Amino acid sequence: MKIIIAADYRELSQMAAEIVAEQVQTNKNSVLGLPTGSTPEGMYAILSKIHQQDNLDFSEVITFNLDEYVGLAPDHPQSYHYYMKHHFFKQVNVKSCNINIPSAEKMKPEKVCREYDQKINNFGGIDLQVLGIGTNGHIGFNEPNRFLSVDTHIVDLTEETIEANSRFFKSKKEVPRRAVTMGVGSIMKAKKIVLLASGFNKAKAVKEMLSGKVTTELPASLLQLHHDTLVILDQDAAYLFQAKQ
């Protein structure tokens, strides 16, 4: 695991965007695993500019998103379908047929999960998986627990995650209680992983993730076992980690 501490959020976003851009330039058929949330917004904005100004071509790229809420229609303003369209897909030339976001709206959840993993496998797995980290150490929506699911599955969100995500909704009551998410096994199969963390509220989770210990009670800690993971932190997210050095 390699760790880079950026000067600020802007530099973190620039670094992440350049890594994704290099991946796409090197392999026009790249399979990208993509996150949502506030942290990757800067990365998506910079990638959009690179596409528009330097003609970065996403036309043959395949994308798989990490997760989606259960109970929100794709056109709901807080759905991750809507997020991805607004922050990224409208600005670049990814073909709609190459965009994959898990959804349990119209099909049986078990069937959705099984077919999502199969589709990833059919494309040869994920070449580059970009991740964020939750304040409780979750990756995707793999929440802290005694046991973690290997494959894509339906998960009950913790109160901490619901509280953290309530800022995107009119009230906490509107936050969905369940989500469909790639499992830790699906994530760990990616050829390369880049995890982004920004802000003081992520510092505790970052410190525990990089503690040298692995526990399902902090799912992100499993990334220490991955063969090619890069962690990019801004100064705020890194301050507790730096303090122990």
# chains A, B, ... in the order shown; residues from 1 in each chain; ligands from 1
>>> residues_around(residues="Leu66 of chain A", least_positions_apart="5", cutoff="7 Å", atoms="only C-alpha atoms", output="list in words")
Gly33, Leu34, Pro35, Gly140, Thr181 and Met182 of chain A
>>> closest_residue(among="A:Ser198, A:Asn121, A:Gln14, A:Thr135", to="Ser186 of chain A", atoms="only C-alpha atoms")
A:Asn121
>>> closest_residue(among="A:Thr216, A:Gln91, A:Ser171, A:Thr63", to="Ser149 of chain A", atoms="only C-alpha atoms")
A:Thr216
>>> select_by_dssp(residues="segment 56-157 of chain A", states="strand (DSSP E or B)", output="ChimeraX atom specification")
/A:62-65,67-69,99-100,128-131,139,142,153-156
>>> decode(residues="segment 19-100 of chain A", atoms="C-alpha atoms", output="mmCIF file, in the first residue's frame")
data_model
loop_
_atom_site.group_PDB
_atom_site.id
_atom_site.type_symbol
_atom_site.label_atom_id
_atom_site.label_comp_id
_atom_site.auth_asym_id
_atom_site.auth_seq_id
_atom_site.Cartn_x
_atom_site.Cartn_y
_atom_site.Cartn_z
ATOM 1 C CA ILE A 19 -4.405 8.511 -12.515
ATOM 2 C CA VAL A 20 -7.774 7.793 -14.114
ATOM 3 C CA ALA A 21 -6.816 9.708 -17.256
ATOM 4 C CA GLU A 22 -3.568 7.758 -17.587
ATOM 5 C CA GLN A 23 -5.472 4.498 -17.194
ATOM 6 C CA VAL A 24 -7.876 5.454 -19.994
ATOM 7 C CA GLN A 25 -5.079 6.718 -22.251
ATOM 8 C CA THR A 26 -3.114 3.507 -21.735
ATOM 9 C CA ASN A 27 -6.106 1.238 -22.310
ATOM 10 C CA LYS A 28 -9.085 2.689 -24.183
ATOM 11 C CA ASN A 29 -11.148 -0.372 -23.134
ATOM 12 C CA SER A 30 -10.485 0.154 -19.426
ATOM 13 C CA VAL A 31 -13.017 -1.086 -16.889
ATOM 14 C CA LEU A 32 -13.391 1.573 -14.199
ATOM 15 C CA GLY A 33 -14.968 1.134 -10.778
ATOM 16 C CA LEU A 34 -16.437 4.458 -9.723
ATOM 17 C CA PRO A 35 -17.602 5.954 -6.402
ATOM 18 C CA THR A 36 -20.069 8.657 -5.425
ATOM 19 C CA GLY A 37 -20.145 11.082 -2.495
ATOM 20 C CA SER A 38 -18.588 14.497 -1.994
ATOM 21 C CA THR A 39 -14.931 13.414 -2.132
ATOM 22 C CA PRO A 40 -14.734 12.366 -5.816
ATOM 23 C CA GLU A 41 -16.630 15.410 -7.123
ATOM 24 C CA GLY A 42 -13.385 17.311 -7.725
ATOM 25 C CA MET A 43 -11.894 14.349 -9.572
ATOM 26 C CA TYR A 44 -14.922 14.129 -11.856
ATOM 27 C CA ALA A 45 -14.811 17.872 -12.567
ATOM 28 C CA ILE A 46 -11.141 17.718 -13.559
ATOM 29 C CA LEU A 47 -11.651 14.598 -15.684
ATOM 30 C CA SER A 48 -14.468 16.393 -17.490
ATOM 31 C CA LYS A 49 -12.124 19.305 -18.261
ATOM 32 C CA ILE A 50 -9.419 16.936 -19.502
ATOM 33 C CA HIS A 51 -11.992 15.321 -21.793
ATOM 34 C CA GLN A 52 -13.178 18.659 -23.144
ATOM 35 C CA GLN A 53 -9.787 20.370 -23.467
ATOM 36 C CA ASP A 54 -7.486 17.451 -24.316
ATOM 37 C CA ASN A 55 -9.967 15.092 -25.980
ATOM 38 C CA LEU A 56 -9.593 12.309 -23.414
ATOM 39 C CA ASP A 57 -11.712 9.591 -25.015
ATOM 40 C CA PHE A 58 -14.098 7.587 -22.800
ATOM 41 C CA SER A 59 -16.059 6.096 -25.711
ATOM 42 C CA GLU A 60 -14.786 2.539 -25.179
ATOM 43 C CA VAL A 61 -14.528 2.682 -21.383
ATOM 44 C CA ILE A 62 -16.771 0.434 -19.258
ATOM 45 C CA THR A 63 -17.882 1.742 -15.862
ATOM 46 C CA PHE A 64 -19.226 -0.043 -12.803
ATOM 47 C CA ASN A 65 -20.444 1.965 -9.847
ATOM 48 C CA LEU A 66 -19.971 0.717 -6.317
ATOM 49 C CA ASP A 67 -23.472 1.087 -5.001
ATOM 50 C CA GLU A 68 -26.975 2.524 -5.088
ATOM 51 C CA TYR A 69 -29.725 3.136 -2.567
ATOM 52 C CA VAL A 70 -32.613 0.710 -2.452
ATOM 53 C CA GLY A 71 -35.926 2.511 -2.888
ATOM 54 C CA LEU A 72 -34.802 5.493 -4.966
ATOM 55 C CA ALA A 73 -35.716 5.689 -8.648
ATOM 56 C CA PRO A 74 -32.801 6.442 -11.027
ATOM 57 C CA ASP A 75 -34.152 9.948 -11.662
ATOM 58 C CA HIS A 76 -34.383 10.792 -7.946
ATOM 59 C CA PRO A 77 -32.034 13.755 -7.224
ATOM 60 C CA GLN A 78 -30.288 11.791 -4.450
ATOM 61 C CA SER A 79 -29.912 8.526 -6.349
ATOM 62 C CA TYR A 80 -26.429 7.588 -7.465
ATOM 63 C CA HIS A 81 -27.688 7.203 -11.030
ATOM 64 C CA TYR A 82 -28.572 10.899 -10.919
ATOM 65 C CA TYR A 83 -25.302 11.816 -9.184
ATOM 66 C CA MET A 84 -23.170 10.122 -11.826
ATOM 67 C CA LYS A 85 -25.104 11.641 -14.689
ATOM 68 C CA HIS A 86 -24.901 15.135 -13.179
ATOM 69 C CA HIS A 87 -21.247 15.056 -12.059
ATOM 70 C CA PHE A 88 -19.651 13.016 -14.809
ATOM 71 C CA PHE A 89 -21.528 11.151 -17.508
ATOM 72 C CA LYS A 90 -23.168 14.247 -19.046
ATOM 73 C CA GLN A 91 -19.746 15.873 -19.418
ATOM 74 C CA VAL A 92 -17.854 13.014 -21.099
ATOM 75 C CA ASN A 93 -18.451 10.568 -23.940
ATOM 76 C CA VAL A 94 -19.044 7.351 -22.029
ATOM 77 C CA LYS A 95 -21.628 5.370 -23.981
ATOM 78 C CA SER A 96 -24.829 4.762 -22.038
ATOM 79 C CA CYS A 97 -24.623 1.052 -22.866
ATOM 80 C CA ASN A 98 -21.227 0.935 -21.096
ATOM 81 C CA ILE A 99 -22.512 2.454 -17.851
ATOM 82 C CA ASN A 100 -23.366 0.011 -15.064
#
